[in-house]
>>> print(open('model10.cif').read())   # mmCIF, C-alpha atoms and all ligand atoms
data_input
#
loop_
_atom_site.label_atom_id
_atom_site.label_comp_id
_atom_site.auth_asym_id
_atom_site.auth_seq_id
_atom_site.Cartn_x
_atom_site.Cartn_y
_atom_site.Cartn_z
CA MET Y 20 201.84 143.84 324.07
CA THR Y 21 205.15 142.29 322.95
CA ILE Y 22 208.14 144.24 324.22
CA ARG Y 23 211.68 144.18 322.88
CA ILE Y 24 214.60 145.64 324.77
CA GLN Y 25 217.45 146.82 322.59
CA ALA Y 26 220.44 149.17 322.58
CA LEU Y 27 219.50 152.82 321.93
CA GLN Y 28 219.91 153.52 318.23
CA VAL Y 29 219.67 156.56 315.96
CA HIS Y 30 216.10 155.80 314.82
CA HIS Y 31 214.67 155.76 318.36
CA ASP Y 32 212.55 158.83 319.05
CA THR Y 33 214.08 160.25 322.21
CA GLU Y 34 212.36 163.64 321.68
CA SER Y 35 208.84 162.36 322.40
CA PHE Y 36 209.73 160.36 325.52
CA GLN Y 37 208.16 161.64 328.74
CA CYS Y 38 208.41 159.86 332.07
CA GLY Y 39 207.27 162.72 334.32
CA SER Y 40 210.80 163.64 335.38
CA ALA Y 41 212.31 166.40 333.22
CA PRO Y 42 215.93 165.60 334.20
CA LEU Y 43 215.47 161.95 333.13
CA ASP Y 44 213.76 162.97 329.85
CA ASP Y 45 216.52 165.52 329.14
CA TRP Y 46 219.24 163.02 329.90
CA LEU Y 47 217.76 160.56 327.37
CA ARG Y 48 217.41 163.32 324.76
CA ARG Y 49 220.72 165.09 325.16
CA VAL Y 50 223.20 162.81 326.87
CA ALA Y 51 222.41 159.12 326.30
CA ARG Y 52 223.73 158.86 322.71
CA GLN Y 53 226.70 161.13 323.43
CA HIS Y 54 227.75 159.01 326.39
CA GLY Y 55 227.13 155.85 324.37
CA GLY Y 56 229.46 157.14 321.65
CA LYS Y 57 232.20 157.78 324.19
CA GLY Y 58 231.70 154.51 326.06
CA VAL Y 59 230.71 156.37 329.23
CA SER Y 60 227.41 154.52 329.58
CA ARG Y 61 225.15 152.22 327.58
CA THR Y 62 221.44 152.85 327.23
CA PHE Y 63 218.82 150.25 326.44
CA VAL Y 64 215.24 151.00 325.41
CA ALA Y 65 211.98 149.06 325.50
CA VAL Y 66 209.93 149.19 322.30
CA ASP Y 67 206.83 147.59 320.86
CA PRO Y 68 207.94 145.97 317.54
CA ASP Y 69 204.80 147.46 315.86
CA THR Y 70 206.03 150.99 316.69
CA PRO Y 71 209.81 150.41 316.74
CA ASP Y 72 210.85 154.08 317.03
CA SER Y 73 208.68 154.88 320.02
CA ILE Y 74 210.47 154.46 323.37
CA LEU Y 75 208.35 152.93 326.14
CA GLY Y 76 211.11 152.95 328.73
CA PHE Y 77 214.86 152.97 329.14
CA TYR Y 78 217.74 152.29 331.47
CA SER Y 79 221.44 153.05 331.42
CA LEU Y 80 224.38 151.08 332.74
CA THR Y 81 227.86 152.12 333.69
CA VAL Y 82 230.66 150.60 335.74
CA GLY Y 83 232.30 151.97 338.86
CA THR Y 84 233.51 151.17 342.32
CA ALA Y 85 231.89 151.42 345.73
CA GLU Y 86 233.24 151.27 349.26
CA GLY Y 87 232.72 147.72 350.53
CA ALA Y 88 231.96 149.20 353.96
CA SER Y 89 229.12 151.34 352.56
CA LEU Y 90 226.99 148.24 351.95
CA PRO Y 91 224.48 146.97 354.50
CA PRO Y 92 226.49 145.19 357.27
CA GLN Y 93 225.36 141.67 356.33
CA LEU Y 94 226.60 142.23 352.75
CA ALA Y 95 229.79 144.09 353.67
CA LYS Y 96 231.41 141.12 355.44
CA ARG Y 97 234.77 140.05 354.02
CA LEU Y 98 234.60 142.48 351.10
CA PRO Y 99 237.67 144.49 350.07
CA LYS Y 100 237.77 148.24 350.64
CA LYS Y 101 236.72 148.96 347.06
CA ILE Y 102 234.42 146.68 345.15
CA PRO Y 103 233.65 146.67 341.41
CA ILE Y 104 230.02 147.48 340.67
CA VAL Y 105 227.63 148.12 337.82
CA LEU Y 106 225.43 151.17 338.30
CA ILE Y 107 221.93 151.42 336.92
CA GLY Y 108 222.15 155.20 336.73
CA ARG Y 109 218.74 155.82 335.22
CA LEU Y 110 215.60 153.79 334.67
CA ALA Y 111 212.20 155.11 333.63
CA THR Y 112 209.04 154.14 331.80
CA ALA Y 113 206.89 156.44 329.65
CA GLU Y 114 203.92 157.87 331.55
CA PRO Y 115 201.23 156.33 329.29
CA VAL Y 116 202.55 152.79 329.97
CA ARG Y 117 203.24 153.21 333.69
CA GLY Y 118 202.20 150.17 335.72
CA ALA Y 119 202.11 147.89 332.66
CA GLY Y 120 205.12 145.81 333.70
CA ILE Y 121 207.71 147.54 331.53
CA GLY Y 122 209.77 148.95 334.43
CA GLY Y 123 210.09 145.45 335.85
CA LEU Y 124 211.10 144.03 332.45
CA LEU Y 125 213.75 146.74 332.10
CA LEU Y 126 215.15 146.12 335.56
CA ILE Y 127 215.31 142.34 335.03
CA ASP Y 128 216.96 142.92 331.63
CA ALA Y 129 219.59 145.13 333.31
CA LEU Y 130 220.26 142.42 335.90
CA ARG Y 131 220.46 139.68 333.25
CA ARG Y 132 222.89 141.74 331.16
CA THR Y 133 225.06 142.46 334.20
CA VAL Y 134 225.11 138.81 335.30
CA ARG Y 135 226.23 137.88 331.76
CA VAL Y 136 229.06 140.42 331.79
CA ALA Y 137 230.07 139.28 335.29
CA SER Y 138 231.01 135.85 333.93
CA GLU Y 139 233.88 137.60 332.10
CA VAL Y 140 234.87 140.46 334.47
CA GLY Y 141 234.65 140.90 338.23
CA ILE Y 142 231.45 142.58 339.38
CA ALA Y 143 230.48 142.24 343.04
CA ALA Y 144 227.23 144.19 343.14
CA ILE Y 145 224.63 146.15 341.20
CA LEU Y 146 223.77 149.60 342.49
CA VAL Y 147 220.82 151.73 341.50
CA ASP Y 148 220.21 155.43 342.09
CA ALA Y 149 216.54 155.91 342.96
CA LYS Y 150 215.23 159.39 342.23
CA ASP Y 151 212.75 159.38 345.12
CA GLN Y 152 211.09 157.16 347.75
CA ASN Y 153 208.70 155.74 345.19
CA ALA Y 154 211.55 154.65 342.95
CA ALA Y 155 213.39 153.20 345.97
CA ARG Y 156 210.32 151.10 346.85
CA PHE Y 157 210.16 149.84 343.27
CA CYS Y 158 213.80 148.69 343.55
CA GLU Y 159 213.19 147.10 346.96
CA HIS Y 160 210.32 145.16 345.39
CA PHE Y 161 213.02 143.44 343.30
CA GLY Y 162 215.29 142.69 346.27
CA PHE Y 163 217.53 145.77 346.32
CA GLN Y 164 218.51 147.04 349.78
CA PRO Y 165 219.16 150.70 350.63
CA LEU Y 166 222.71 151.64 351.64
CA PRO Y 167 222.72 152.61 355.34
CA ASP Y 168 224.21 156.07 354.70
CA ALA Y 169 222.66 156.84 351.30
CA LYS Y 170 219.03 155.79 351.22
CA ASP Y 171 218.55 156.83 347.57
CA ARG Y 172 221.24 154.33 346.52
CA LEU Y 173 220.32 150.66 346.68
CA VAL Y 174 222.31 147.50 346.20
CA LEU Y 175 221.80 143.93 345.03
CA THR Y 176 224.78 141.58 345.20
CA LEU Y 177 225.80 139.89 342.02
CA ASN Y 178 225.39 136.50 343.71
CA THR Y 179 221.76 137.27 344.53
CA ALA Y 180 221.10 138.61 341.03
CA ALA Y 181 222.63 135.47 339.51
CA THR Y 182 220.17 133.23 341.39
CA LEU Y 183 217.35 134.85 339.39
CA PHE Y 184 218.69 133.25 336.20
CA ASP Y 185 219.72 129.78 337.40
C1 LIG L 1 209.72 153.38 338.92
C2 LIG L 1 209.22 153.00 337.52
C3 LIG L 1 210.42 152.74 336.61
C4 LIG L 1 208.34 151.73 337.61
O1 LIG L 1 207.97 151.34 336.29
P1 LIG L 1 206.56 150.67 335.95
O2 LIG L 1 206.60 150.29 334.51
O3 LIG L 1 205.46 151.53 336.40
O4 LIG L 1 206.60 149.40 336.90
P2 LIG L 1 206.01 147.95 336.57
O5 LIG L 1 204.60 148.08 336.09
O6 LIG L 1 206.95 147.22 335.67
O7 LIG L 1 206.05 147.26 337.99
C5 LIG L 1 206.80 146.07 338.20
C6 LIG L 1 206.56 145.61 339.62
O8 LIG L 1 207.04 146.62 340.51
C7 LIG L 1 206.00 147.02 341.39
N1 LIG L 1 206.12 148.47 341.61
C8 LIG L 1 206.04 149.43 340.69
N2 LIG L 1 206.22 150.64 341.28
C9 LIG L 1 206.38 150.39 342.60
C10 LIG L 1 206.60 151.20 343.74
N3 LIG L 1 206.68 152.53 343.64
N4 LIG L 1 206.74 150.61 344.94
C11 LIG L 1 206.67 149.27 345.08
N5 LIG L 1 206.47 148.43 344.02
C12 LIG L 1 206.32 148.99 342.81
C13 LIG L 1 204.71 146.68 340.66
O9 LIG L 1 203.64 146.47 341.56
C14 LIG L 1 205.08 145.41 339.94
O10 LIG L 1 204.98 144.32 340.84
P3 LIG L 1 204.66 142.81 340.34
O11 LIG L 1 205.69 142.48 339.29
O12 LIG L 1 204.81 142.00 341.58
O13 LIG L 1 203.30 142.88 339.77
C15 LIG L 1 208.31 154.13 336.93
O14 LIG L 1 207.31 154.44 337.88
C16 LIG L 1 209.05 155.40 336.57
O15 LIG L 1 209.55 155.50 335.43
N6 LIG L 1 209.09 156.39 337.47
C17 LIG L 1 209.72 157.67 337.16
C18 LIG L 1 211.19 157.53 337.01
C19 LIG L 1 211.86 156.92 338.23
O16 LIG L 1 211.44 157.10 339.35
N7 LIG L 1 212.96 156.23 337.96
C20 LIG L 1 213.80 155.68 338.97
C21 LIG L 1 213.67 154.18 339.03
S1 LIG L 1 215.04 153.54 339.96
#
>>> encode(input="model10.cif", output="structure tokens")
Amino acid sequence: MTIRIQALQVHHDTESFQCGSAPLDDWLRRVARQHGGKGVSRTFVAVDPDTPDSILGFYSLTVGTAEGASLPPQLAKRLPKKIPIVLIGRLATAEPVRGAGIGGLLLIDALRRTVRVASEVGIAAILVDAKDQNAARFCEHFGFQPLPDAKDRLVLTLNTAATLFD
């Protein structure tokens, strides 16, 4: 299956998307476009070009700050008190295509996009909010490390992410 990842647009069918987590489905349906319109977050969707309205997965990005000291000790060294971060607030794949590689493609796309933006503005790290232990393990599979005091939040430094695209 060929997959394209593109910005969420009006024609994408958010109503039919089901990932097994009602809050994530609802967020995509009710909030994603609204937040996009206000510049609060950006949402990107995976589609098969043969069925371009049908969403196979999505993620959202926003910017923020984190306490440098909240990072794992080996990453926290010599960081300022507050560091600029990009947050992958939500990431999910549709239940029928679970395990088909789309979650990984979405995560790598989010990292690639963030690394690109970081060549123009300061971003020290990428954080992700995992909804449960399973999601956390998925993120760890891609090199994210849990924050010592918030195990459902994981971090990958920008420098590490950048090495993926050398
Ligand atoms: C977590 C989620 C996004 C994974 O998506 P997916 O499309 O099933 O994952 P993929 O098929 O792309 O898997 C990519 C890689 O991650 C690995 N992986 C997937 N889920 C994993 C898990 N729970 N623990 C460890 N590794 C995992 C796969 O084995 C695969 O490894 P490989 O590239 O070495 O073969 C999906 O299960 C999901 O939408 N869950 C519900 C929503 C959710 O939990 N979102 C929060 C994510 S932070």
>>> atom_distance(input="model10.cif", atom1="CA of Ala85 in chain Y", atom2="CA of Thr133 in chain Y")
16.1 Å
>>> residues_around(input="model10.cif", residues="Pro71 in chain Y", least_positions_apart="2", cutoff="9 Å", atoms="all atoms listed in the file", output="PyMOL selection string")
chain Y and resi 23+30-31+66-69+73-74
>>> closest_atom_pairs(input="model10.cif", of="chain Y", to="ligand LIG 1 (chain L)", cutoff="6 Å", atoms="all atoms listed in the file", output="Markdown table")
| residue | atom | partner | partner_atom | distance |
| --- | --- | --- | --- | --- |
| Y:Cys38 | CA | L:LIG1 | O15 | 5.6 |
| Y:Leu110 | CA | L:LIG1 | C21 | 4.8 |
| Y:Ala111 | CA | L:LIG1 | O15 | 3.2 |
| Y:Thr112 | CA | L:LIG1 | O15 | 3.9 |
| Y:Arg117 | CA | L:LIG1 | O3 | 3.9 |
| Y:Gly118 | CA | L:LIG1 | O5 | 3.2 |
| Y:Ala119 | CA | L:LIG1 | O5 | 4.2 |
| Y:Gly120 | CA | L:LIG1 | O6 | 3.0 |
| Y:Ile121 | CA | L:LIG1 | O2 | 4.2 |
| Y:Gly122 | CA | L:LIG1 | O2 | 3.4 |
| Y:Gly123 | CA | L:LIG1 | O6 | 3.6 |
| Y:Asp148 | CA | L:LIG1 | S1 | 5.9 |
| Y:Ala149 | CA | L:LIG1 | S1 | 4.1 |
| Y:Lys150 | CA | L:LIG1 | C20 | 5.1 |
| Y:Asn153 | CA | L:LIG1 | N3 | 4.1 |
| Y:Ala154 | CA | L:LIG1 | O16 | 4.4 |
| Y:Arg156 | CA | L:LIG1 | N4 | 4.1 |
| Y:Phe157 | CA | L:LIG1 | C10 | 3.8 |
| Y:His160 | CA | L:LIG1 | N5 | 5.2 |
>>> closest_residue(input="model10.cif", among="Y:Val134, Y:Ala65, Y:Leu27, Y:Ile104", to="Asp185 in chain Y", atoms="only C-alpha atoms")
Y:Val134
>>> atom_distance(input="model10.cif", atom1="CA of Thr33 in chain Y", atom2="CA of Arg52 in chain Y")
9.8 Å
>>> atom_distance(input="model10.cif", atom1="CA of Ile142 in chain Y", atom2="CA of Trp46 in chain Y")
25.6 Å
>>> closest_residue(input="model10.cif", among="Y:Pro99, Y:Gly141, Y:Pro91, Y:Gly76", to="Phe163 in chain Y", atoms="only C-alpha atoms")
Y:Pro91
>>> closest_residue(input="model10.cif", among="Y:Val105, Y:Thr182, Y:Glu139, Y:Arg172", to="Thr84 in chain Y", atoms="only C-alpha atoms")
Y:Val105
